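What follows is the content of entry-v3.txt (compact mmCIF, C-alpha atoms and all ligand atoms).
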# COMPACT_ATOMS: atom_id res chain seq x y z
CA ALA A 1055 87.28 127.88 55.49
CA LYS A 1056 88.10 124.68 53.64
CA ASN A 1057 91.82 125.38 53.88
CA ALA A 1058 91.61 126.29 57.51
CA GLY A 1059 89.84 122.99 58.11
CA LYS A 1060 92.56 121.17 56.26
CA ASN A 1061 95.24 122.88 58.32
CA ASP A 1062 93.38 122.05 61.48
CA PHE A 1063 93.35 118.44 60.43
CA HIS A 1064 97.09 118.44 59.73
CA PHE A 1065 97.79 120.13 63.03
CA PHE A 1066 95.62 117.64 64.85
CA SER A 1067 97.14 114.65 63.13
CA HIS A 1068 100.64 115.93 63.79
CA GLU A 1069 99.83 116.26 67.49
CA MET A 1070 98.50 112.74 67.61
CA ASP A 1071 101.67 111.45 65.93
CA GLN A 1072 103.73 113.34 68.44
CA GLN A 1073 101.77 111.92 71.34
CA ALA A 1074 102.07 108.37 70.04
CA HIS A 1075 105.78 108.95 69.47
CA ASP A 1076 106.27 110.27 73.03
CA ARG A 1077 104.34 107.31 74.38
CA VAL A 1078 106.56 104.81 72.53
CA ALA A 1079 109.73 106.68 73.55
CA LEU A 1080 108.61 106.72 77.17
CA GLU A 1081 107.77 103.02 77.09
CA ASN A 1082 111.21 102.19 75.68
CA GLU A 1083 112.91 104.29 78.33
CA LEU A 1084 110.79 102.68 81.03
CA ARG A 1085 111.86 99.27 79.73
CA MET A 1086 115.47 100.25 80.50
CA ALA A 1087 114.71 101.99 83.79
CA LEU A 1088 115.02 98.86 85.95
CA SER A 1089 118.39 97.69 84.62
CA HIS A 1090 119.70 101.28 84.62
CA ASN A 1091 118.83 101.68 88.28
CA GLU A 1092 116.54 104.64 87.66
CA LEU A 1093 113.66 103.50 89.87
CA GLY A 1094 113.37 104.15 93.57
CA VAL A 1095 110.81 103.75 96.33
CA TRP A 1096 109.93 106.72 98.56
CA TYR A 1097 107.85 106.63 101.72
CA GLN A 1098 105.18 108.96 103.12
CA PRO A 1099 104.14 108.78 106.81
CA LEU A 1100 100.67 107.61 107.87
CA VAL A 1101 99.77 109.43 111.06
CA ASN A 1102 97.47 108.43 113.91
CA LEU A 1103 95.38 111.59 114.36
CA LYS A 1104 94.65 110.91 118.05
CA ASP A 1105 98.19 110.65 119.38
CA ASN A 1106 100.07 112.10 116.39
CA ASN A 1107 102.32 109.01 116.08
CA ILE A 1108 103.54 107.59 112.77
CA CYS A 1109 101.87 104.18 112.47
CA GLY A 1110 103.26 103.33 109.06
CA VAL A 1111 104.17 104.62 105.63
CA GLU A 1112 102.83 104.38 102.09
CA ALA A 1113 105.44 103.28 99.55
CA LEU A 1114 105.42 105.35 96.35
CA VAL A 1115 107.53 104.48 93.33
CA ARG A 1116 109.76 107.15 91.77
CA TRP A 1117 111.42 107.21 88.33
CA LYS A 1118 114.33 109.57 87.73
CA ASN A 1119 115.23 109.55 84.05
CA PRO A 1120 118.67 111.07 83.26
CA VAL A 1121 117.22 113.32 80.52
CA ARG A 1122 113.62 113.94 81.61
CA GLY A 1123 114.25 114.17 85.35
CA PHE A 1124 111.49 112.85 87.61
CA VAL A 1125 108.56 111.33 85.71
CA GLY A 1126 105.45 111.01 87.91
CA PRO A 1127 103.84 107.61 88.57
CA ASP A 1128 100.56 109.08 87.30
CA ILE A 1129 102.31 109.19 83.88
CA PHE A 1130 104.38 106.01 83.85
CA ILE A 1131 102.28 103.52 85.85
CA PRO A 1132 99.53 103.50 83.16
CA ILE A 1133 102.24 102.91 80.51
CA ALA A 1134 103.72 100.14 82.64
CA GLU A 1135 100.26 98.59 82.93
CA GLU A 1136 99.52 98.73 79.21
CA SER A 1137 102.92 97.33 78.25
CA GLY A 1138 103.07 94.57 80.86
CA LEU A 1139 106.14 96.18 82.45
CA ILE A 1140 104.14 96.56 85.66
CA LEU A 1141 104.89 92.90 86.51
CA PRO A 1142 108.73 93.12 86.64
CA ILE A 1143 108.53 96.66 88.05
CA GLY A 1144 105.97 95.55 90.65
CA ASP A 1145 108.15 92.59 91.69
CA TRP A 1146 111.12 94.94 92.03
CA ILE A 1147 109.05 97.33 94.20
CA ILE A 1148 107.99 94.44 96.50
CA GLU A 1149 111.58 93.22 96.81
CA THR A 1150 112.90 96.74 97.49
CA ILE A 1151 110.30 97.39 100.21
CA CYS A 1152 110.94 94.06 101.99
CA HIS A 1153 114.69 94.72 101.93
CA GLN A 1154 114.13 98.24 103.29
CA LEU A 1155 111.91 96.87 106.09
CA SER A 1156 114.60 94.37 107.15
CA GLU A 1157 117.10 97.24 107.43
CA TRP A 1158 114.67 99.43 109.40
CA GLU A 1159 113.53 96.57 111.68
CA PRO A 1160 115.73 97.36 114.75
CA HIS A 1161 114.20 100.86 114.90
CA LEU A 1162 110.54 99.97 114.35
CA LYS A 1163 107.68 99.86 116.83
CA ASP A 1164 105.33 96.87 116.67
CA ASP A 1165 102.52 98.65 114.84
CA PHE A 1166 104.67 100.03 111.99
CA HIS A 1167 103.79 98.86 108.49
CA VAL A 1168 104.50 99.68 104.86
CA ALA A 1169 101.51 99.97 102.52
CA ILE A 1170 102.24 98.83 98.97
CA ASN A 1171 100.17 100.08 96.03
CA LEU A 1172 99.19 97.17 93.80
CA SER A 1173 97.95 97.51 90.24
CA PRO A 1174 94.89 95.43 89.22
CA ILE A 1175 97.19 93.64 86.76
CA GLN A 1176 99.47 92.48 89.57
CA ILE A 1177 96.51 91.18 91.55
CA ARG A 1178 95.09 89.35 88.57
CA HIS A 1179 98.49 87.72 87.98
CA SER A 1180 98.41 84.32 89.64
CA ALA A 1181 101.87 84.56 91.23
CA LEU A 1182 101.19 87.65 93.36
CA GLU A 1183 100.63 86.01 96.74
CA LYS A 1184 103.63 83.70 96.22
CA THR A 1185 105.88 86.60 95.18
CA LEU A 1186 104.81 88.72 98.12
CA LEU A 1187 104.98 85.99 100.79
CA LYS A 1188 108.33 84.75 99.43
CA ALA A 1189 109.85 88.24 99.56
CA ILE A 1190 108.54 88.72 103.10
CA SER A 1191 109.96 85.43 104.39
CA SER A 1192 113.31 85.74 102.59
CA HIS A 1193 113.87 89.08 104.35
CA ARG A 1194 112.71 87.62 107.67
CA ILE A 1195 110.08 90.26 108.33
CA LYS A 1196 106.66 89.66 109.85
CA ASN A 1197 103.71 89.40 107.47
CA ASP A 1198 101.84 92.17 109.30
CA ARG A 1199 104.60 94.67 108.48
CA ILE A 1200 103.07 94.70 104.97
CA HIS A 1201 99.70 96.16 104.00
CA ILE A 1202 98.42 96.53 100.45
CA GLU A 1203 96.39 99.29 98.78
CA ILE A 1204 94.11 98.47 95.90
CA THR A 1205 91.55 100.48 93.95
CA GLU A 1206 88.01 99.38 93.19
CA THR A 1207 88.96 98.73 89.56
CA ALA A 1208 90.92 95.76 90.85
CA LEU A 1209 87.79 94.36 92.48
CA VAL A 1210 85.48 94.79 89.50
CA GLU A 1211 87.64 92.74 87.13
CA ASN A 1212 87.84 89.00 87.57
CA GLU A 1213 86.00 88.92 90.87
CA ALA A 1214 86.40 85.25 91.80
CA ALA A 1215 90.17 85.08 91.26
CA THR A 1216 90.70 88.45 92.95
CA LEU A 1217 88.67 87.35 95.96
CA ARG A 1218 90.77 84.18 96.25
CA THR A 1219 94.07 86.10 96.12
CA LEU A 1220 92.97 88.77 98.56
CA SER A 1221 91.55 86.19 100.99
CA GLN A 1222 94.86 84.31 101.00
CA LEU A 1223 96.80 87.49 101.71
CA ASN A 1224 94.33 88.53 104.38
CA GLN A 1225 94.59 85.11 106.06
CA ALA A 1226 98.36 85.46 106.04
CA GLY A 1227 97.96 88.65 108.11
CA ILE A 1228 98.36 91.22 105.33
CA LYS A 1229 95.82 94.00 105.67
CA ILE A 1230 94.03 95.28 102.58
CA TRP A 1231 93.04 98.92 102.07
CA LEU A 1232 90.62 100.30 99.51
CA ASP A 1233 92.36 103.29 97.89
CA ASP A 1234 90.74 106.47 96.49
CA PHE A 1235 87.57 105.60 98.43
CA GLY A 1236 84.48 107.55 97.40
CA THR A 1237 85.55 108.10 93.79
CA GLY A 1238 84.59 104.67 92.42
CA PHE A 1239 81.19 103.03 92.22
CA SER A 1240 79.28 100.39 94.22
CA SER A 1241 81.78 100.87 97.01
CA LEU A 1242 79.42 99.53 99.62
CA SER A 1243 78.98 96.07 98.15
CA HIS A 1244 82.76 95.80 97.72
CA LEU A 1245 83.27 96.53 101.39
CA LYS A 1246 80.98 93.64 102.25
CA GLN A 1247 82.28 91.20 99.68
CA PHE A 1248 86.07 91.56 99.99
CA PRO A 1249 88.29 91.18 103.07
CA VAL A 1250 89.04 94.90 103.38
CA SER A 1251 90.50 96.26 106.66
CA GLY A 1252 90.21 99.94 105.88
CA VAL A 1253 89.46 102.70 103.40
CA LYS A 1254 91.54 105.64 102.23
CA ILE A 1255 89.34 108.68 101.70
CA ASP A 1256 90.40 110.27 98.42
CA ARG A 1257 92.14 113.59 98.72
CA SER A 1258 89.57 115.32 96.49
CA PHE A 1259 87.20 115.25 99.51
CA VAL A 1260 89.85 116.63 101.86
CA ALA A 1261 90.99 119.48 99.59
CA ASP A 1262 87.91 121.71 100.11
CA LEU A 1263 87.03 120.54 103.58
CA GLU A 1264 87.29 124.04 105.05
CA GLN A 1265 85.02 125.69 102.47
CA ASP A 1266 82.66 122.95 101.36
CA VAL A 1267 79.99 121.74 103.80
CA ASP A 1268 79.01 118.97 101.36
CA ASP A 1269 82.51 117.50 101.43
CA ARG A 1270 82.43 117.68 105.20
CA ALA A 1271 79.11 115.80 105.23
CA LEU A 1272 80.46 113.18 102.82
CA ILE A 1273 83.59 112.56 104.88
CA SER A 1274 81.54 112.41 108.05
CA ALA A 1275 79.23 109.83 106.46
CA MET A 1276 82.18 107.75 105.23
CA ILE A 1277 83.67 107.71 108.74
CA VAL A 1278 80.34 106.73 110.34
CA LEU A 1279 79.94 103.95 107.77
CA ALA A 1280 83.50 102.71 108.34
CA ASN A 1281 82.98 102.70 112.12
CA ALA A 1282 79.76 100.75 111.76
CA MET A 1283 81.59 98.14 109.67
CA THR A 1284 84.67 98.22 111.97
CA LEU A 1285 86.87 99.47 109.17
CA ASP A 1286 89.94 101.63 109.70
CA VAL A 1287 90.11 105.01 107.89
CA ILE A 1288 92.94 107.12 106.47
CA ALA A 1289 92.19 110.58 105.06
CA GLU A 1290 94.57 111.39 102.19
CA GLY A 1291 96.00 114.72 101.09
CA ILE A 1292 95.96 116.66 104.39
CA GLU A 1293 97.82 119.87 103.56
CA THR A 1294 96.77 122.29 106.33
CA GLU A 1295 96.38 122.32 110.10
CA ALA A 1296 92.73 123.39 109.65
CA GLN A 1297 92.02 120.22 107.63
CA CYS A 1298 93.75 118.16 110.30
CA LEU A 1299 91.62 119.73 113.07
CA LEU A 1300 88.38 119.27 111.16
CA LEU A 1301 89.17 115.62 110.47
CA ASN A 1302 89.91 115.12 114.15
CA GLU A 1303 86.52 116.64 114.99
CA LEU A 1304 84.89 114.19 112.56
CA GLN A 1305 86.67 111.37 114.48
CA CYS A 1306 88.84 110.36 111.55
CA PRO A 1307 91.38 107.91 113.01
CA LYS A 1308 94.32 108.38 110.60
CA GLY A 1309 95.69 110.80 108.04
CA GLN A 1310 98.38 111.42 105.48
CA GLY A 1311 99.54 114.44 103.54
CA TYR A 1312 102.06 117.20 102.94
CA PHE A 1313 101.02 118.81 106.27
CA TYR A 1314 102.85 115.95 108.00
CA SER A 1315 105.48 115.13 105.40
CA ARG A 1316 106.03 114.72 101.69
CA PRO A 1317 107.14 111.29 100.47
CA LEU A 1318 110.84 110.81 101.36
CA PRO A 1319 113.70 108.46 100.39
CA GLY A 1320 114.15 105.57 102.85
CA ASP A 1321 117.07 106.98 104.88
CA GLN A 1322 115.31 110.33 105.37
CA LEU A 1323 112.07 108.60 106.33
CA LEU A 1324 113.87 106.61 109.04
CA ASP A 1325 115.35 109.83 110.49
CA LEU A 1326 111.92 111.47 110.47
CA TYR A 1327 110.39 108.41 112.17
CA ARG A 1328 113.06 108.21 114.86
CA TRP A 1329 112.83 111.91 115.78
CA TRP A 1330 109.08 112.29 115.29
CA PRO A 1331 107.44 114.11 118.22
CA GLY A 1332 104.39 111.91 118.95
CA LYS A 1333 102.35 112.28 122.12
P1 LIG A 1401 97.79 107.19 95.34
O1 LIG A 1401 97.96 105.75 95.67
O2 LIG A 1401 96.45 107.79 95.60
O3 LIG A 1401 98.95 107.93 96.14
C1 LIG A 1401 98.82 109.18 96.80
C2 LIG A 1401 99.38 110.29 95.95
O4 LIG A 1401 99.08 111.54 96.57
C3 LIG A 1401 100.91 110.25 95.81
O5 LIG A 1401 101.23 110.77 94.52
C4 LIG A 1401 101.34 111.23 96.90
O6 LIG A 1401 102.64 111.77 96.68
C5 LIG A 1401 100.26 112.27 96.77
N1 LIG A 1401 100.09 113.07 97.98
C6 LIG A 1401 100.33 112.72 99.26
N2 LIG A 1401 100.01 113.72 100.12
C7 LIG A 1401 99.53 114.73 99.36
C8 LIG A 1401 99.03 116.06 99.66
O7 LIG A 1401 98.97 116.50 100.82
N3 LIG A 1401 98.63 116.82 98.61
C9 LIG A 1401 98.70 116.37 97.32
N4 LIG A 1401 98.28 117.20 96.35
N5 LIG A 1401 99.16 115.13 97.00
C10 LIG A 1401 99.58 114.33 98.01
P2 LIG A 1401 102.30 110.04 93.58
O8 LIG A 1401 103.44 109.51 94.39
O9 LIG A 1401 102.58 110.96 92.45
O10 LIG A 1401 101.50 108.77 93.04
C11 LIG A 1401 100.38 108.93 92.19
C12 LIG A 1401 99.68 107.62 91.96
O11 LIG A 1401 100.53 106.71 91.25
C13 LIG A 1401 99.30 106.89 93.24
O12 LIG A 1401 98.12 107.46 93.79
C14 LIG A 1401 99.14 105.48 92.75
O13 LIG A 1401 97.89 105.32 92.11
C15 LIG A 1401 100.24 105.40 91.69
N6 LIG A 1401 101.45 104.78 92.32
C16 LIG A 1401 102.43 105.37 93.04
N7 LIG A 1401 103.35 104.46 93.44
C17 LIG A 1401 102.92 103.26 92.98
C18 LIG A 1401 103.44 101.89 93.07
O14 LIG A 1401 104.47 101.60 93.71
N8 LIG A 1401 102.72 100.92 92.43
C19 LIG A 1401 101.56 101.20 91.75
N9 LIG A 1401 100.93 100.19 91.14
N10 LIG A 1401 101.05 102.45 91.65
C20 LIG A 1401 101.71 103.46 92.26
CA CA A 1402 97.70 104.57 97.50
CA CA A 1403 94.83 107.32 97.02
CA CA A 1404 95.06 107.80 92.93
Go ahead and render the structure in this file as structure tokens.
Ligand code: C2E
Ligand code: CA
Ligand code: CA
Ligand code: CA
Amino acid sequence: AKNAGKNDFHFFSHEMDQQAHDRVALENELRMALSHNELGVWYQPLVNLKDNNICGVEALVRWKNPVRGFVGPDIFIPIAEESGLILPIGDWIIETICHQLSEWEPHLKDDFHVAINLSPIQIRHSALEKTLLKAISSHRIKNDRIHIEITETALVENEAATLRTLSQLNQAGIKIWLDDFGTGFSSLSHLKQFPVSGVKIDRSFVADLEQDVDDRALISAMIVLANAMTLDVIAEGIETEAQCLLLNELQCPKGQGYFYSRPLPGDQLLDLYRWWPGK
């Protein structure tokens, strides 16, 4: 038993070494990803559930490493945050989106916007509103073409400075969405305290909508709450027509998910937008 324990320990320790090694390797590769042109921004439609029109898109970063292939943002964004790389990568994402918007502009309806995911670290960084507003004006796009998505973690840390930054962006006409709504804590006070225009209902609530009456009740309550506070709502992760119909019944104004479209590269998104059969 003693030996087995010893072996277990060695096995365990070897795995931890391996994990730390992978983490360092990944961080080093991520460091090169920008200059090697390995990052891209893809776009997923946000759909108005009443008339079925595309009212905007969410921008989602993609990393294609020559050896590993696609590495998901769920893997590399946390590494970018821990290493500080999120600041140059985040600036590059903002610049790329504003450039893309200026190219799309002749084809866009007035209400179309791009929602940018912002890490708490970017929001805490003092230059965010300058970076964002500078990129917007240098590409000659309107401020309201840009929305931002933040999670509640961003609001918990450094409340005063965060409130100042978000208020400035909001006053400049940039709408702020609370992402992954329902999964955090003290959501309700955040909705009151920060200049939030809408909430994105986390896809974990949408996934079992057909089977789970509790999830249905929760979503219904979130929509009633949002209406009462005149907040907009997007339900994330709609994968089936049945989910779409149920959300419509619950008066959910907007949705997003594979049922409508997966995230797409910019040129494909524009084609989808131009040929989209709204009502
Ligand atoms: P998120 O902000 O909650 O983004 C939604 C995620 O759900 C995306 O995953 C999207 O591809 C996925 N999704 C959309 N529709 C469906 C569906 O119908 N079913 C399922 N199962 N999934 C769906 P993705 O692109 O892998 O991004 C994961 C997370 O990485 C994002 O979650 C966000 O937290 C982060 N992220 C992505 N892009 C950026 C970025 O540009 N900046 C920052 N800071 N974070 C980002
Ligand atoms: Ca998001
Ligand atoms: Ca989300
Ligand atoms: Ca998420």
**OP:** Find the residues around Val1210 (chain A) up to 9 Å (all atoms listed in the file counted), leave out those fewer than 4 positions away in its own chain, and share them as a list of chain:residue names.
**Re:**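 These residues fall inside the cut-off: A:Glu1206, A:Thr1216, A:His1244.
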**OP:** Have a look at A:Glu1149, A:Asn1082, A:Asp1076, A:Ile1230 and name the one nearest to Lys1188 (chain A); count all atoms listed in the file.
**Re:**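 Among the listed residues, the smallest separation from Lys1188 (chain A) belongs to A:Glu1149.
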Chain A residues near ligand CA 1403 (chain A) within 6 Å, closest pair each, using all atoms listed in the file, as JSON lines:
{"residue": "A:Asp1233", "atom": "CA", "partner": "A:CA1403", "partner_atom": "CA", "distance": 4.8}
{"residue": "A:Asp1234", "atom": "CA", "partner": "A:CA1403", "partner_atom": "CA", "distance": 4.2}
{"residue": "A:Asp1256", "atom": "CA", "partner": "A:CA1403", "partner_atom": "CA", "distance": 5.5}
Output C-alpha atoms of each residue in that selection to a file, as a PDB file, in the coordinates of the input.
ATOM      1  CA  ASP A1233      92.360 103.290  97.890  1.00  0.00           C
ATOM      2  CA  ASP A1234      90.740 106.470  96.490  1.00  0.00           C
ATOM      3  CA  ASP A1256      90.400 110.270  98.420  1.00  0.00           C
TER       4      ASP A1256
END
Subject >> Pairwise distance for CA of Glu1092 (chain A) and CA of Trp1117 (chain A), rounded to one decimal in Å >> reply: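 Taking CA of Glu1092 (chain A) as the start and CA of Trp1117 (chain A) as the end point, the length is 5.8 Å.
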Original post:
Trp1330 (chain A): which residues within 12 Å, counting all atoms listed in the file, same-chain residues fewer than 6 positions away excluded, as a PyMOL selection string?
Top reply: chain A and resi 1099+1101+1105-1109+1314-1315+1322-1324
Original post:
Quick one: residues within 12 Å of ligand CA 1404 (chain A), with only C-alpha atoms and all ligand atoms, as JSON, numbers by chain?
Top reply: {"A": [1114, 1126, 1127, 1128, 1129, 1131, 1132, 1171, 1172, 1173, 1203, 1204, 1205, 1206, 1207, 1232, 1233, 1234, 1235, 1236, 1237, 1238, 1254, 1255, 1256, 1257, 1258, 1290, 1291]}
Original post:
Which one is closest to ligand LIG 1401 (chain A): A:Pro1120, A:Gly1227, A:Gly1138, A:Pro1331? Count only C-alpha atoms and all ligand atoms.
Top reply: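 Ranked by minimum distance to ligand LIG 1401 (chain A), first place goes to A:Gly1138.
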Subject >> Interatomic distance (Å, one decimal) between CA of Val1115 (chain A) and atom O4 of ligand LIG 1401 (chain A) >> reply: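 CA of Val1115 (chain A) sits 11.5 Å away from atom O4 of ligand LIG 1401 (chain A).
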Would you output region 1133-1158 of chain A from that structure, restricted to N, CA, C and O atoms, as a short mmCIF file (atom, residue, chain, number, x, y, z; two decimals), in the first residue's frame?
data_model
loop_
_atom_site.label_atom_id
_atom_site.label_comp_id
_atom_site.auth_asym_id
_atom_site.auth_seq_id
_atom_site.Cartn_x
_atom_site.Cartn_y
_atom_site.Cartn_z
N ILE A 1133 -5.69 32.51 -19.73
CA ILE A 1133 -4.23 32.62 -19.78
C ILE A 1133 -3.82 34.05 -20.16
O ILE A 1133 -2.89 34.62 -19.60
N ALA A 1134 -4.55 34.62 -21.10
CA ALA A 1134 -4.28 36.00 -21.52
C ALA A 1134 -4.50 36.95 -20.34
O ALA A 1134 -3.77 37.93 -20.17
N GLU A 1135 -5.51 36.65 -19.52
CA GLU A 1135 -5.81 37.52 -18.38
C GLU A 1135 -4.73 37.42 -17.32
O GLU A 1135 -4.25 38.42 -16.79
N GLU A 1136 -4.29 36.19 -17.03
CA GLU A 1136 -3.28 35.99 -15.99
C GLU A 1136 -1.93 36.56 -16.40
O GLU A 1136 -1.15 36.99 -15.56
N SER A 1137 -1.63 36.54 -17.69
CA SER A 1137 -0.31 36.96 -18.16
C SER A 1137 -0.26 38.43 -18.55
O SER A 1137 0.80 38.95 -18.87
N GLY A 1138 -1.42 39.09 -18.56
CA GLY A 1138 -1.44 40.50 -18.98
C GLY A 1138 -1.59 40.65 -20.49
O GLY A 1138 -1.78 41.76 -20.99
N LEU A 1139 -1.49 39.54 -21.23
CA LEU A 1139 -1.61 39.61 -22.70
C LEU A 1139 -2.99 40.09 -23.15
O LEU A 1139 -3.17 40.51 -24.29
N ILE A 1140 -3.97 40.04 -22.23
CA ILE A 1140 -5.33 40.46 -22.60
C ILE A 1140 -5.36 41.93 -23.02
O ILE A 1140 -6.21 42.31 -23.85
N LEU A 1141 -4.41 42.74 -22.54
CA LEU A 1141 -4.45 44.17 -22.91
C LEU A 1141 -4.09 44.37 -24.39
O LEU A 1141 -4.88 44.94 -25.14
N PRO A 1142 -2.90 43.91 -24.86
CA PRO A 1142 -2.64 44.05 -26.31
C PRO A 1142 -3.62 43.26 -27.17
O PRO A 1142 -4.05 43.76 -28.22
N ILE A 1143 -4.02 42.08 -26.72
CA ILE A 1143 -4.98 41.28 -27.51
C ILE A 1143 -6.33 42.01 -27.55
O ILE A 1143 -6.96 42.12 -28.61
N GLY A 1144 -6.76 42.54 -26.41
CA GLY A 1144 -8.02 43.27 -26.35
C GLY A 1144 -8.01 44.51 -27.24
O GLY A 1144 -8.99 44.79 -27.94
N ASP A 1145 -6.90 45.24 -27.24
CA ASP A 1145 -6.78 46.42 -28.12
C ASP A 1145 -6.88 46.00 -29.58
O ASP A 1145 -7.51 46.67 -30.40
N TRP A 1146 -6.22 44.88 -29.90
CA TRP A 1146 -6.25 44.38 -31.29
C TRP A 1146 -7.68 43.99 -31.68
O TRP A 1146 -8.13 44.28 -32.80
N ILE A 1147 -8.41 43.37 -30.77
CA ILE A 1147 -9.80 42.97 -31.04
C ILE A 1147 -10.66 44.22 -31.31
O ILE A 1147 -11.42 44.26 -32.28
N ILE A 1148 -10.51 45.25 -30.48
CA ILE A 1148 -11.27 46.50 -30.66
C ILE A 1148 -10.97 47.12 -32.02
O ILE A 1148 -11.87 47.49 -32.77
N GLU A 1149 -9.68 47.20 -32.36
CA GLU A 1149 -9.26 47.78 -33.63
C GLU A 1149 -9.83 46.97 -34.81
O GLU A 1149 -10.36 47.53 -35.78
N THR A 1150 -9.75 45.65 -34.71
CA THR A 1150 -10.24 44.77 -35.79
C THR A 1150 -11.74 44.94 -36.00
O THR A 1150 -12.22 45.01 -37.14
N ILE A 1151 -12.49 45.03 -34.91
CA ILE A 1151 -13.95 45.17 -35.00
C ILE A 1151 -14.33 46.52 -35.61
O ILE A 1151 -15.20 46.59 -36.49
N CYS A 1152 -13.66 47.60 -35.19
CA CYS A 1152 -13.98 48.92 -35.74
C CYS A 1152 -13.65 48.99 -37.22
O CYS A 1152 -14.41 49.56 -38.01
N HIS A 1153 -12.54 48.38 -37.61
CA HIS A 1153 -12.20 48.32 -39.04
C HIS A 1153 -13.26 47.53 -39.81
O HIS A 1153 -13.72 47.96 -40.87
N GLN A 1154 -13.65 46.39 -39.27
CA GLN A 1154 -14.68 45.56 -39.91
C GLN A 1154 -15.99 46.35 -40.08
O GLN A 1154 -16.61 46.32 -41.14
N LEU A 1155 -16.38 47.07 -39.02
CA LEU A 1155 -17.62 47.86 -39.09
C LEU A 1155 -17.56 48.92 -40.18
O LEU A 1155 -18.54 49.16 -40.88
N SER A 1156 -16.38 49.55 -40.35
CA SER A 1156 -16.28 50.59 -41.39
C SER A 1156 -16.42 49.96 -42.78
O SER A 1156 -16.96 50.58 -43.68
N GLU A 1157 -15.95 48.73 -42.95
CA GLU A 1157 -16.11 48.06 -44.24
C GLU A 1157 -17.55 47.63 -44.48
O GLU A 1157 -18.04 47.66 -45.60
N TRP A 1158 -18.23 47.20 -43.42
CA TRP A 1158 -19.62 46.75 -43.54
C TRP A 1158 -20.59 47.91 -43.73
O TRP A 1158 -21.70 47.73 -44.21
#
